[in-house]
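J.: The following file, upload-v8.txt, comprises compact mmCIF, C-alpha atoms:
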```
# COMPACT_ATOMS: atom_id res chain seq x y z
CA MET A 41 -45.65 -9.04 13.03
CA ARG A 42 -43.90 -12.00 11.38
CA VAL A 43 -40.38 -12.71 10.22
CA HIS A 44 -40.10 -15.82 8.07
CA ARG A 45 -37.48 -18.41 9.02
CA GLY A 46 -37.25 -20.29 5.73
CA ARG A 47 -37.38 -24.08 5.50
CA GLY A 48 -35.97 -26.82 7.71
CA THR A 49 -33.75 -29.75 6.70
CA ASP A 50 -36.90 -31.72 5.87
CA GLY A 51 -37.98 -29.07 3.39
CA LYS A 52 -40.98 -27.97 5.42
CA GLN A 53 -41.69 -24.32 6.12
CA LEU A 54 -40.51 -23.36 9.62
CA LYS A 55 -42.82 -21.46 11.91
CA PRO A 56 -42.07 -17.73 11.58
CA TRP A 57 -40.86 -15.59 14.45
CA THR A 58 -43.73 -13.48 15.69
CA ALA A 59 -44.07 -10.42 17.86
CA THR A 60 -46.89 -8.12 18.86
CA PHE A 61 -46.57 -4.34 18.84
CA GLU A 62 -49.08 -2.55 21.02
CA VAL A 63 -50.24 0.94 20.00
CA SER A 64 -51.07 3.48 22.67
CA PRO A 65 -54.40 5.27 22.13
CA THR A 66 -52.66 8.57 22.92
CA TRP A 67 -50.34 8.30 19.89
CA THR A 68 -51.08 10.01 16.60
CA GLU A 69 -51.29 7.87 13.48
CA LYS A 70 -48.00 9.23 12.21
CA SER A 71 -46.26 8.63 15.54
CA ALA A 72 -47.66 5.08 15.82
CA ARG A 73 -46.52 4.21 12.29
CA LYS A 74 -43.03 5.56 12.93
CA LYS A 75 -42.67 3.60 16.18
CA ALA A 76 -44.07 0.44 14.58
CA GLU A 77 -41.56 0.67 11.74
CA ALA A 78 -38.72 1.12 14.23
CA PHE A 79 -39.96 -1.84 16.26
CA ALA A 80 -40.26 -3.97 13.12
CA ALA A 81 -36.73 -3.08 12.00
CA THR A 82 -35.30 -3.90 15.42
CA PHE A 83 -37.24 -7.16 15.69
CA GLU A 84 -36.16 -8.33 12.22
CA LYS A 85 -32.53 -7.47 13.02
CA GLU A 86 -32.72 -9.47 16.27
CA CYS A 87 -34.22 -12.42 14.41
CA ARG A 88 -31.47 -12.41 11.81
CA GLU A 89 -28.81 -12.16 14.52
CA GLY A 90 -30.41 -14.96 16.52
CA VAL A 91 -31.31 -12.97 19.62
CA ALA A 92 -35.07 -12.63 19.18
CA SER A 93 -37.52 -14.72 21.15
CA ASP A 94 -40.63 -16.49 19.93
CA SER A 95 -43.33 -14.93 22.04
CA ARG A 96 -45.68 -17.93 21.62
CA GLN A 97 -43.47 -20.92 22.43
CA LYS A 98 -44.37 -22.58 25.73
CA PHE A 99 -41.87 -24.69 27.64
CA SER A 100 -43.84 -27.97 27.56
CA ALA A 101 -44.32 -27.97 23.78
CA TYR A 102 -40.74 -26.95 23.13
CA CYS A 103 -39.39 -29.53 25.59
CA ASP A 104 -41.34 -32.26 23.76
CA TYR A 105 -39.81 -31.01 20.52
CA VAL A 106 -36.27 -31.13 21.97
CA ILE A 107 -36.74 -34.63 23.42
CA ALA A 108 -38.09 -35.88 20.06
CA MET A 109 -35.11 -34.31 18.30
CA LYS A 110 -32.67 -35.97 20.74
CA GLU A 111 -34.36 -39.30 20.11
CA ARG A 112 -34.01 -38.88 16.34
CA THR A 113 -30.33 -37.98 16.64
CA GLY A 114 -29.40 -41.16 18.51
CA VAL A 115 -29.53 -40.27 22.20
CA LYS A 116 -29.81 -43.50 24.20
CA HIS A 117 -33.29 -44.86 24.75
CA SER A 118 -32.79 -45.03 28.50
CA THR A 119 -31.98 -41.30 28.52
CA ILE A 120 -35.11 -40.47 26.51
CA VAL A 121 -37.25 -42.53 28.90
CA ARG A 122 -35.75 -40.68 31.85
CA TYR A 123 -36.35 -37.29 30.20
CA LYS A 124 -40.03 -38.13 29.77
CA GLU A 125 -40.27 -39.22 33.42
CA LEU A 126 -38.77 -35.92 34.57
CA THR A 127 -41.31 -33.87 32.61
CA GLY A 128 -44.01 -35.25 34.91
CA ARG A 129 -42.97 -32.81 37.63
CA ILE A 130 -41.48 -30.06 35.45
CA TYR A 131 -44.56 -29.34 33.32
CA PRO A 132 -46.98 -28.58 36.21
CA ALA A 133 -44.51 -25.92 37.42
CA ILE A 134 -43.25 -24.23 34.24
CA GLY A 135 -44.73 -26.14 31.30
CA HIS A 136 -47.42 -23.52 30.74
CA MET A 137 -44.92 -20.66 30.69
CA LYS A 138 -43.55 -19.07 27.54
CA LEU A 139 -39.83 -19.60 27.04
CA LYS A 140 -39.14 -15.88 27.12
CA ASP A 141 -40.97 -15.46 30.44
CA ILE A 142 -39.04 -18.07 32.44
CA ARG A 143 -36.73 -16.49 35.01
CA PRO A 144 -34.10 -17.98 37.35
CA ASP A 145 -36.41 -17.52 40.35
CA HIS A 146 -39.03 -19.72 38.66
CA LEU A 147 -36.48 -22.50 38.38
CA ASN A 148 -35.25 -21.99 41.94
CA SER A 149 -38.83 -22.28 43.16
CA LEU A 150 -39.21 -25.54 41.24
CA TYR A 151 -36.02 -26.95 42.79
CA ALA A 152 -37.21 -25.93 46.26
CA GLN A 153 -40.55 -27.60 45.58
CA LEU A 154 -38.84 -30.80 44.44
CA ALA A 155 -36.83 -30.84 47.67
CA GLN A 156 -39.98 -30.88 49.79
CA PRO A 157 -41.15 -34.20 51.30
CA GLU A 158 -43.75 -35.97 49.20
CA LYS A 159 -46.88 -36.24 51.29
CA GLY A 160 -49.48 -38.97 51.05
CA ASN A 161 -47.16 -41.17 49.01
CA ALA A 162 -47.25 -44.38 51.01
CA GLN A 163 -44.80 -47.06 49.95
CA ALA A 164 -45.17 -50.81 50.29
CA THR A 165 -42.60 -53.61 50.60
CA ALA A 166 -43.29 -57.31 50.12
CA LYS A 167 -43.16 -59.23 53.42
CA VAL A 168 -43.52 -62.62 51.75
CA ASP A 169 -41.40 -64.33 49.10
CA LEU A 170 -43.30 -63.18 46.02
CA ALA A 171 -41.04 -65.19 43.71
CA ALA A 172 -41.94 -68.41 45.56
CA LEU A 173 -45.61 -67.41 45.57
CA LEU A 174 -45.58 -66.84 41.81
CA LYS A 175 -43.91 -70.22 41.32
CA GLU A 176 -46.54 -71.86 43.50
CA LYS A 177 -49.30 -70.28 41.43
CA HIS A 178 -47.49 -71.17 38.16
CA LEU A 179 -47.26 -67.51 37.21
CA THR A 180 -44.39 -65.70 35.53
CA ARG A 181 -43.62 -62.06 36.24
CA GLN A 182 -44.81 -61.19 32.73
CA ALA A 183 -48.08 -63.07 33.31
CA LEU A 184 -48.65 -61.15 36.55
CA ALA A 185 -47.95 -57.89 34.74
CA ASP A 186 -50.51 -58.81 32.06
CA ILE A 187 -53.16 -59.80 34.62
CA SER A 188 -52.72 -56.75 36.83
CA SER A 189 -51.92 -54.20 34.07
CA ILE A 190 -48.92 -53.16 36.17
CA PRO A 191 -45.65 -52.34 34.32
CA LEU A 192 -43.24 -55.28 34.32
CA ARG A 193 -40.58 -53.08 35.91
CA ALA A 194 -42.83 -52.53 38.96
CA ILE A 195 -43.49 -56.28 39.19
CA TYR A 196 -39.75 -56.99 39.22
CA ALA A 197 -39.22 -54.30 41.88
CA ALA A 198 -41.91 -55.81 44.13
CA VAL A 199 -40.52 -59.33 43.71
CA LYS A 200 -37.02 -58.09 44.57
CA GLY A 201 -38.31 -56.61 47.82
CA GLU A 202 -37.94 -53.01 46.71
CA THR A 203 -40.49 -50.38 47.72
CA VAL A 204 -43.41 -49.79 45.36
CA LYS A 205 -46.39 -47.48 45.47
CA LYS A 206 -49.30 -48.52 47.64
CA GLU A 207 -51.59 -48.62 44.60
CA VAL A 208 -49.20 -51.04 42.86
CA ALA A 209 -49.11 -53.30 45.93
CA GLU A 210 -52.90 -53.30 46.14
CA THR A 211 -53.29 -54.24 42.48
CA ILE A 212 -50.69 -57.03 42.70
CA SER A 213 -52.35 -58.41 45.84
CA THR A 214 -55.74 -58.48 44.14
CA ALA A 215 -54.27 -60.27 41.12
CA LEU A 216 -52.73 -62.86 43.48
CA GLY A 217 -56.09 -63.37 45.18
CA GLY A 218 -55.41 -61.83 48.58
CA ASP A 219 -55.45 -58.68 50.68
CA MET A 220 -52.53 -56.28 50.54
CA GLU A 221 -51.90 -56.67 54.29
CA ALA A 222 -51.17 -60.36 53.71
CA PHE A 223 -48.45 -59.70 51.14
CA PHE A 224 -47.06 -56.22 51.84
CA SER A 225 -46.09 -53.98 54.72
CA LEU A 226 -46.77 -50.25 54.42
CA ASP A 227 -44.33 -47.42 55.04
CA ALA A 228 -46.02 -44.03 55.24
CA LYS A 229 -42.82 -42.05 55.81
CA GLU A 230 -42.42 -38.85 53.82
CA ARG A 231 -39.74 -39.09 51.17
CA THR A 232 -37.60 -36.39 49.64
CA LEU A 233 -35.64 -36.28 46.40
CA SER A 234 -31.86 -36.21 46.70
CA GLY A 235 -29.79 -33.30 45.43
CA LYS A 236 -28.47 -35.61 42.71
CA THR A 237 -32.00 -36.34 41.44
CA ILE A 238 -33.01 -32.67 41.50
CA ARG A 239 -29.90 -31.97 39.43
CA GLU A 240 -31.34 -34.30 36.78
CA TYR A 241 -34.38 -32.02 36.50
CA HIS A 242 -32.06 -29.02 36.24
CA ARG A 243 -29.97 -30.65 33.50
CA LEU A 244 -33.03 -31.38 31.37
CA ILE A 245 -34.30 -27.80 31.71
CA HIS A 246 -30.81 -26.51 30.89
CA THR A 247 -30.63 -28.76 27.81
CA VAL A 248 -34.00 -27.51 26.54
CA LEU A 249 -33.18 -23.83 27.07
CA ASP A 250 -29.75 -24.33 25.54
CA GLN A 251 -31.42 -25.53 22.35
CA ALA A 252 -33.74 -22.54 22.49
CA VAL A 253 -30.69 -20.26 22.59
CA LYS A 254 -29.17 -22.08 19.59
CA GLU A 255 -32.39 -21.63 17.63
CA GLY A 256 -32.65 -17.96 18.52
CA LEU A 257 -35.85 -18.34 20.55
CA VAL A 258 -34.33 -16.81 23.68
CA ALA A 259 -31.27 -14.64 24.12
CA VAL A 260 -29.78 -16.38 27.17
CA ASN A 261 -30.13 -19.66 29.05
CA VAL A 262 -31.64 -18.59 32.37
CA ALA A 263 -30.86 -22.04 33.82
CA ASP A 264 -27.24 -20.83 34.00
CA ARG A 265 -28.38 -18.19 36.48
CA SER A 266 -30.45 -20.57 38.65
CA THR A 267 -29.17 -22.30 41.78
CA PRO A 268 -29.80 -26.06 41.81
CA PRO A 269 -28.84 -27.93 45.01
CA LYS A 270 -25.30 -29.10 45.52
CA VAL A 271 -24.68 -32.81 45.26
CA GLU A 272 -22.99 -34.39 48.23
CA GLN A 273 -20.40 -36.90 47.11
CA LYS A 274 -21.16 -40.12 48.95
CA ASP A 275 -18.47 -42.62 49.82
CA VAL A 276 -18.61 -45.61 47.51
CA ASN A 277 -19.42 -48.95 49.09
CA TYR A 278 -16.88 -51.68 48.46
CA PHE A 279 -16.06 -55.05 50.00
CA GLN A 280 -13.09 -55.60 52.25
CA PRO A 281 -10.68 -58.43 51.26
CA GLU A 282 -12.11 -60.73 53.94
CA GLN A 283 -15.63 -60.12 52.61
CA VAL A 284 -14.50 -60.92 49.06
CA ALA A 285 -12.96 -64.15 50.38
CA ALA A 286 -16.26 -65.07 52.07
CA ILE A 287 -18.22 -64.34 48.90
CA ARG A 288 -15.87 -66.43 46.77
CA GLU A 289 -16.03 -69.30 49.23
CA ALA A 290 -19.84 -69.22 49.17
CA LEU A 291 -19.82 -69.13 45.37
CA GLU A 292 -18.17 -72.56 45.29
CA GLU A 293 -21.54 -74.00 46.34
CA GLU A 294 -23.42 -72.24 43.52
CA PRO A 295 -24.06 -73.21 39.85
CA ILE A 296 -21.15 -72.53 37.51
CA LYS A 297 -23.16 -69.97 35.53
CA TRP A 298 -23.60 -67.68 38.55
CA ARG A 299 -20.13 -68.44 39.88
CA THR A 300 -18.67 -67.26 36.58
CA LEU A 301 -20.94 -64.22 36.29
CA VAL A 302 -20.09 -62.90 39.78
CA HIS A 303 -16.41 -63.67 39.18
CA LEU A 304 -16.46 -61.46 36.07
CA LEU A 305 -18.24 -58.65 37.92
CA LEU A 306 -15.41 -58.60 40.46
CA ILE A 307 -12.44 -59.07 38.11
CA THR A 308 -13.55 -56.78 35.29
CA GLY A 309 -15.34 -54.05 37.27
CA CYS A 310 -17.91 -53.97 34.46
CA ARG A 311 -21.38 -52.61 34.87
CA ARG A 312 -24.15 -55.20 35.25
CA GLY A 313 -25.51 -54.65 31.74
CA GLU A 314 -22.01 -54.83 30.20
CA VAL A 315 -21.41 -58.30 31.65
CA LEU A 316 -24.82 -59.47 30.45
CA GLY A 317 -24.09 -57.98 27.01
CA LEU A 318 -20.78 -59.85 26.61
CA LYS A 319 -20.77 -62.36 23.73
CA TRP A 320 -18.40 -65.27 23.16
CA ASP A 321 -16.96 -63.77 19.96
CA LYS A 322 -15.69 -60.84 22.06
CA VAL A 323 -13.75 -63.14 24.44
CA ASP A 324 -10.20 -63.70 23.16
CA PHE A 325 -8.79 -66.87 24.69
CA THR A 326 -5.45 -66.30 22.95
CA SER A 327 -4.67 -62.84 24.32
CA ASN A 328 -6.66 -63.33 27.56
CA GLN A 329 -8.95 -60.34 27.17
CA ALA A 330 -12.56 -59.37 26.56
CA TYR A 331 -13.89 -56.56 24.40
CA ILE A 332 -16.70 -54.68 26.14
CA CYS A 333 -18.89 -53.15 23.44
CA ASN A 334 -22.45 -54.28 24.21
CA ASN A 335 -24.95 -53.52 26.95
CA VAL A 336 -28.18 -55.26 27.98
CA LEU A 337 -30.84 -52.96 29.45
CA TYR A 338 -34.51 -53.00 30.36
CA SER A 339 -37.18 -50.40 29.69
CA ALA A 340 -40.89 -50.76 30.42
CA ASP A 341 -41.87 -49.72 26.90
CA VAL A 342 -39.59 -52.07 24.94
CA GLY A 343 -38.59 -54.75 27.47
CA VAL A 344 -35.06 -56.20 27.50
CA TYR A 345 -32.91 -54.77 24.71
CA GLU A 346 -29.30 -54.39 23.57
CA ASP A 347 -27.46 -51.09 23.29
CA THR A 348 -23.93 -49.74 23.26
CA PRO A 349 -22.22 -49.08 26.61
CA LYS A 350 -22.78 -45.87 28.56
CA THR A 351 -20.22 -43.71 26.70
CA GLU A 352 -17.90 -44.13 23.72
CA ARG A 353 -14.97 -44.57 26.15
CA SER A 354 -16.92 -47.43 27.75
CA LYS A 355 -16.05 -49.56 24.73
CA ARG A 356 -12.82 -51.10 25.90
CA TYR A 357 -10.56 -54.15 26.02
CA ILE A 358 -10.11 -55.64 29.50
CA SER A 359 -7.24 -57.97 30.30
CA LEU A 360 -8.21 -61.04 32.29
CA PRO A 361 -6.07 -63.28 34.53
CA ALA A 362 -5.38 -66.92 33.63
CA GLU A 363 -7.70 -68.11 36.42
CA THR A 364 -10.61 -66.21 34.87
CA MET A 365 -9.92 -67.64 31.41
CA GLN A 366 -9.85 -71.17 32.84
CA LEU A 367 -13.20 -70.61 34.57
CA LEU A 368 -14.65 -69.26 31.31
CA ARG A 369 -13.48 -72.40 29.47
CA GLN A 370 -15.19 -74.63 32.04
CA TYR A 371 -18.36 -72.56 31.86
CA ARG A 372 -18.37 -72.57 28.04
CA ALA A 373 -18.16 -76.38 28.06
CA TRP A 374 -21.13 -76.52 30.48
CA GLN A 375 -23.14 -74.11 28.33
CA SER A 376 -22.41 -76.13 25.19
CA ALA A 377 -23.72 -79.26 26.91
CA GLU A 378 -26.87 -77.33 27.93
CA ARG A 379 -27.45 -76.19 24.35
CA LEU A 380 -27.30 -79.78 23.15
CA ARG A 381 -29.66 -80.91 25.91
CA LEU A 382 -32.23 -78.20 25.16
CA GLY A 383 -32.08 -78.67 21.40
CA ALA A 384 -34.30 -76.41 19.27
CA TYR A 385 -35.65 -74.66 22.39
CA TYR A 386 -32.28 -72.91 22.78
CA GLN A 387 -31.95 -70.13 20.21
CA ASP A 388 -28.27 -69.27 20.40
CA GLN A 389 -27.63 -65.52 20.21
CA GLY A 390 -24.01 -65.73 21.27
CA PHE A 391 -24.39 -64.41 24.82
CA VAL A 392 -21.93 -65.58 27.44
CA PHE A 393 -24.76 -65.34 29.99
CA ALA A 394 -28.20 -66.08 28.62
CA GLN A 395 -31.67 -67.17 29.62
CA ASP A 396 -32.60 -70.85 29.32
CA ASN A 397 -33.83 -70.16 25.77
CA GLY A 398 -30.62 -68.37 24.72
CA GLY A 399 -32.04 -64.83 24.88
CA PRO A 400 -30.52 -61.94 26.84
CA MET A 401 -31.02 -62.02 30.60
CA HIS A 402 -33.11 -59.39 32.39
CA PRO A 403 -30.64 -57.09 34.25
CA ASP A 404 -32.76 -57.26 37.41
CA SER A 405 -32.35 -61.04 37.51
CA VAL A 406 -28.75 -60.45 38.59
CA THR A 407 -29.86 -58.17 41.41
CA THR A 408 -32.49 -60.67 42.54
CA TRP A 409 -30.04 -63.58 42.51
CA LEU A 410 -27.39 -61.65 44.48
CA THR A 411 -29.96 -60.68 47.13
CA ARG A 412 -31.02 -64.30 47.62
CA PHE A 413 -27.41 -65.51 47.46
CA SER A 414 -26.37 -63.17 50.28
CA LYS A 415 -29.33 -64.31 52.42
CA ARG A 416 -28.60 -67.99 51.78
CA HIS A 417 -25.04 -67.67 52.99
CA GLY A 418 -25.49 -65.06 55.73
CA LEU A 419 -23.46 -62.47 53.83
CA PRO A 420 -23.94 -58.68 53.89
CA HIS A 421 -26.22 -57.19 51.23
CA ILE A 422 -24.61 -57.54 47.82
CA ASN A 423 -25.33 -55.43 44.75
CA ALA A 424 -23.62 -55.76 41.40
CA HIS A 425 -22.17 -52.24 41.41
CA ALA A 426 -20.34 -52.89 44.69
CA PHE A 427 -18.04 -55.29 42.81
CA ARG A 428 -17.14 -52.45 40.42
CA HIS A 429 -16.22 -50.21 43.36
CA THR A 430 -14.34 -53.08 45.01
CA MET A 431 -12.16 -53.69 41.97
CA ALA A 432 -11.30 -49.99 41.62
CA SER A 433 -10.58 -49.61 45.34
CA MET A 434 -8.28 -52.65 45.47
CA LEU A 435 -6.35 -51.35 42.46
CA TYR A 436 -5.86 -47.99 44.18
CA PHE A 437 -4.74 -49.65 47.41
CA ASN A 438 -2.20 -51.66 45.44
CA GLY A 439 -0.65 -48.67 43.71
CA ALA A 440 -2.46 -48.49 40.36
CA ASP A 441 -2.88 -45.02 38.86
CA SER A 442 -6.14 -43.22 38.03
CA VAL A 443 -5.52 -43.33 34.27
CA SER A 444 -5.27 -47.13 34.08
CA ILE A 445 -8.18 -47.62 36.52
CA SER A 446 -10.34 -45.16 34.57
CA LYS A 447 -9.59 -47.04 31.34
CA ARG A 448 -10.56 -50.37 32.92
CA LEU A 449 -13.80 -48.91 34.30
CA GLY A 450 -14.67 -47.27 30.99
CA HIS A 451 -15.14 -43.77 32.41
CA ALA A 452 -15.39 -40.95 29.88
CA GLN A 453 -12.85 -38.86 31.82
CA VAL A 454 -10.12 -39.63 34.34
CA SER A 455 -11.49 -36.82 36.52
CA THR A 456 -14.72 -38.83 36.91
CA THR A 457 -12.74 -41.72 38.37
CA ALA A 458 -10.75 -39.43 40.66
CA ASN A 459 -13.91 -37.72 41.94
CA ILE A 460 -15.78 -40.96 42.64
CA TYR A 461 -12.87 -42.55 44.46
CA ALA A 462 -11.49 -39.45 46.19
CA HIS A 463 -11.73 -40.93 49.69
CA VAL A 464 -10.17 -44.21 48.48
CA ILE A 465 -7.27 -42.30 46.94
CA GLU A 466 -6.81 -40.46 50.25
CA ALA A 467 -6.80 -43.71 52.22
CA ALA A 468 -4.36 -45.28 49.74
CA ASP A 469 -2.07 -42.27 50.11
CA LYS A 470 -2.00 -42.76 53.88
CA LYS A 471 -0.89 -46.32 53.25
CA ASN A 472 1.88 -44.95 50.99
CA ALA A 473 2.99 -42.69 53.84
CA ASP A 474 3.32 -45.72 56.12
CA ILE A 475 5.36 -47.53 53.46
CA LEU A 476 7.71 -44.55 53.12
CA ALA A 477 8.09 -44.36 56.88
CA ASP A 478 9.03 -48.04 57.00
CA VAL A 479 11.60 -47.59 54.24
CA PHE A 480 13.23 -44.30 55.22
CA LEU A 481 12.51 -43.47 58.83
CA LYS A 482 12.72 -46.70 60.85
CA LYS A 483 16.01 -47.24 62.58
CA ALA A 484 17.91 -50.38 61.79
```
Would you mind writing the structure in this file as structure tokens?
T.:
Amino acid sequence: MRVHRGRGTDGKQLKPWTATFEVSPTWTEKSARKKAEAFAATFEKECREGVASDSRQKFSAYCDYVIAMKERTGVKHSTIVRYKELTGRIYPAIGHMKLKDIRPDHLNSLYAQLAQPEKGNAQATAKVDLAALLKEKHLTRQALADISSIPLRAIYAAVKGETVKKEVAETISTALGGDMEAFFSLDAKERTLSGKTIREYHRLIHTVLDQAVKEGLVAVNVADRSTPPKVEQKDVNYFQPEQVAAIREALEEEPIKWRTLVHLLLITGCRRGEVLGLKWDKVDFTSNQAYICNNVLYSADVGVYEDTPKTERSKRYISLPAETMQLLRQYRAWQSAERLRLGAYYQDQGFVFAQDNGGPMHPDSVTTWLTRFSKRHGLPHINAHAFRHTMASMLYFNGADSVSISKRLGHAQVSTTANIYAHVIEAADKKNADILADVFLKKA
């Protein structure tokens, strides 16, 4: 039985809604015809009202369709890449199922399965300085990726000292002409996905089924009735004032490019990619502010690329202190001298922070530099995002309100800021209580 759906926006005929009516051998011909007509009338009515389901649509095919549609409608490339990664564990569980047959318990079983430790998934961590080894062998990270057929992202992770799969470590070691044991140490511990990561799987499934509801393929979104794990809100890590002072003191011994970059991370609270995406024409030396409207990202399939910031609210003007503007002037003069020295090799693209050839920097290069910087100076582990948390925390401790902090951070909603920094707000409030006690309750 078919009910035609008409044509889509591209003018092509849409697949019709279909349903199968089974006839019992005990029915008379007249009775079977009567019941079939009633079934057909009901099915057509449900189709027109948008509550009928397509009995043939399987989750995997429909999910691919939804992801492709999201990509066409401008969803960020990084989000599309993540969606495709998530399908790797969703499809084996429910990909073969028809949309109409998926129940909440199927999804709950998937979430429970995702929460189980991954067995036989040994991880490896470099125990030698791979960056120095590559330099010694006159190899770039891209060259190593080409030789080993390993994604560039995995090469960067290994060089940074992050854990990689055993198979990746073995392939890299072979490409470098040695045994894995010489370059990597193995960690065979079982690993589990966090509640936050499992929620990502849930959100994708919910998004797909939500579209199915909109298109009348299913009557309800069963993901609403499932029970994904709760996400425990972790305390954000931020530097204490004495740690910031130690970092700034150590930066005085570093090149002006990195001194300026880390300074901006701390003062602006920008995300790593937002700082790397900043261009000189967005720095206003008259009004002492920068317009954050660009983002530099990396994806294995396209490499380093530019995009807009995380959300529309992330496009924002950030006021900068006079000290920051002075440092930017000094750095701009240094960069101009470098451009003249490099000549035609430097293809100026307007970036405040660029590679030696003028192109956008790889975001992971910031992470790698900070790791080595902290080791050189005996500082605690430093990651770029900790500066963002540090700026927000210091503003809270000094009486700034959530609205102004949220605006500076570029959060889509003030509630996001309040949730992330809940424990900081609580600690700041205790400080306010002490101030009030000093003012009102201490005897003269």
J.: With all atoms listed in the file as the basis for distance, which of A:Gly439, A:Gly383, A:Pro65, A:Pro191 is at the shortest distance from Gly343 (chain A)?
T.: A:Pro191
J.: Which residues are close to region 469-481 of chain A, i.e. within 9 Å by all atoms listed in the file, leaving aside same-chain residues fewer than 3 positions away? Reply as a list in words.
T.: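 My reading of the contact set: Phe437, Gly439, Val464, Ile465 and Glu466 of chain A.
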J.: Identify, on the basis of all atoms listed in the file, every residue whose closest approach to Asp145 (chain A) does not exceed 12 Å; exclude the query and any residue fewer than 6 positions from it along the same chain; express the result as a PyMOL selection string.
T.: chain A and resi 134+151-152+262-268
J.: Enter the distance from CA of Asn148 (chain A) to CA of Asn459 (chain A), in Å, rounded to one decimal.
T.: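 Atom-to-atom, CA of Asn148 (chain A) to CA of Asn459 (chain A), that is 26.5 Å.
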J.: For the contact check between region 107-158 of chain A and region 226-243 of chain A, emit one row per residue of region 107-158 of chain A within 10 Å, containing the shortest atom pair and the distance in Å rounded to one decimal, counting all atoms listed in the file, chain then rising number order, as a tab-separated table.
T.:
```
residue	atom	partner	partner_atom	distance
A:Arg122	CA	A:Glu240	CA	9.2
A:Tyr123	CA	A:Tyr241	CA	8.4
A:Glu125	CA	A:Tyr241	CA	9.8
A:Leu126	CA	A:Tyr241	CA	6.2
A:Thr127	CA	A:Tyr241	CA	8.2
A:Arg129	CA	A:Tyr241	CA	8.7
A:Ile130	CA	A:Tyr241	CA	7.4
A:Leu147	CA	A:His242	CA	8.2
A:Asn148	CA	A:His242	CA	9.6
A:Leu150	CA	A:Tyr241	CA	9.4
A:Tyr151	CA	A:Ile238	CA	6.6
A:Ala152	CA	A:Ile238	CA	9.3
A:Gln153	CA	A:Ile238	CA	10.0
A:Leu154	CA	A:Leu233	CA	6.6
A:Ala155	CA	A:Leu233	CA	5.7
A:Gln156	CA	A:Thr232	CA	6.0
A:Pro157	CA	A:Thr232	CA	4.5
A:Glu158	CA	A:Arg231	CA	5.4
```
J.: So, with all atoms listed in the file as the atoms that count, which of A:Tyr338, A:Phe391, A:Tyr196, A:Tyr105 lies closest to Val121 (chain A)?
T.: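 Among the listed residues, A:Tyr338 lies closest to Val121 (chain A).
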J.: Tell me which protein, DNA and RNA residues are within 9 Å of Ala424 (chain A), counting only C-alpha atoms, leaving out same-chain ones fewer than 4 positions away, and put them as number ranges by chain.
T.: A: 302, 305-306, 311-312, 406-407, 410, 428
J.: To one decimal place, how far is CA of Leu257 (chain A) from CA of Leu139 (chain A) in Å?
T.: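 Taking CA of Leu257 (chain A) as the start and CA of Leu139 (chain A) as the end point, the length is 7.7 Å.
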J.: Of the residues A:Tyr436, A:Asn397, A:Gly450, A:Asn277, which is the one nearest to Arg356 (chain A), using all atoms listed in the file?
T.: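 Once distances to Arg356 (chain A) are computed over all atoms listed in the file, the minimum belongs to A:Gly450.
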J.: Name the residues in contact with Cys310 (chain A) at a cut-off of 9 Å, using all atoms listed in the file, excluding same-chain residues fewer than 3 positions from it; report them as number ranges by chain.
T.: A: 304-307, 313-315, 332, 425, 427-428, 448-450
J.: Let's have the selection written as a compact mmCIF listing (two decimals), in the coordinates of the input, with C-alpha atoms.
T.:
```
# COMPACT_ATOMS: atom_id res chain seq x y z
CA LEU A 304 -16.46 -61.46 36.07
CA LEU A 305 -18.24 -58.65 37.92
CA LEU A 306 -15.41 -58.60 40.46
CA ILE A 307 -12.44 -59.07 38.11
CA GLY A 313 -25.51 -54.65 31.74
CA GLU A 314 -22.01 -54.83 30.20
CA VAL A 315 -21.41 -58.30 31.65
CA ILE A 332 -16.70 -54.68 26.14
CA HIS A 425 -22.17 -52.24 41.41
CA PHE A 427 -18.04 -55.29 42.81
CA ARG A 428 -17.14 -52.45 40.42
CA ARG A 448 -10.56 -50.37 32.92
CA LEU A 449 -13.80 -48.91 34.30
CA GLY A 450 -14.67 -47.27 30.99
```
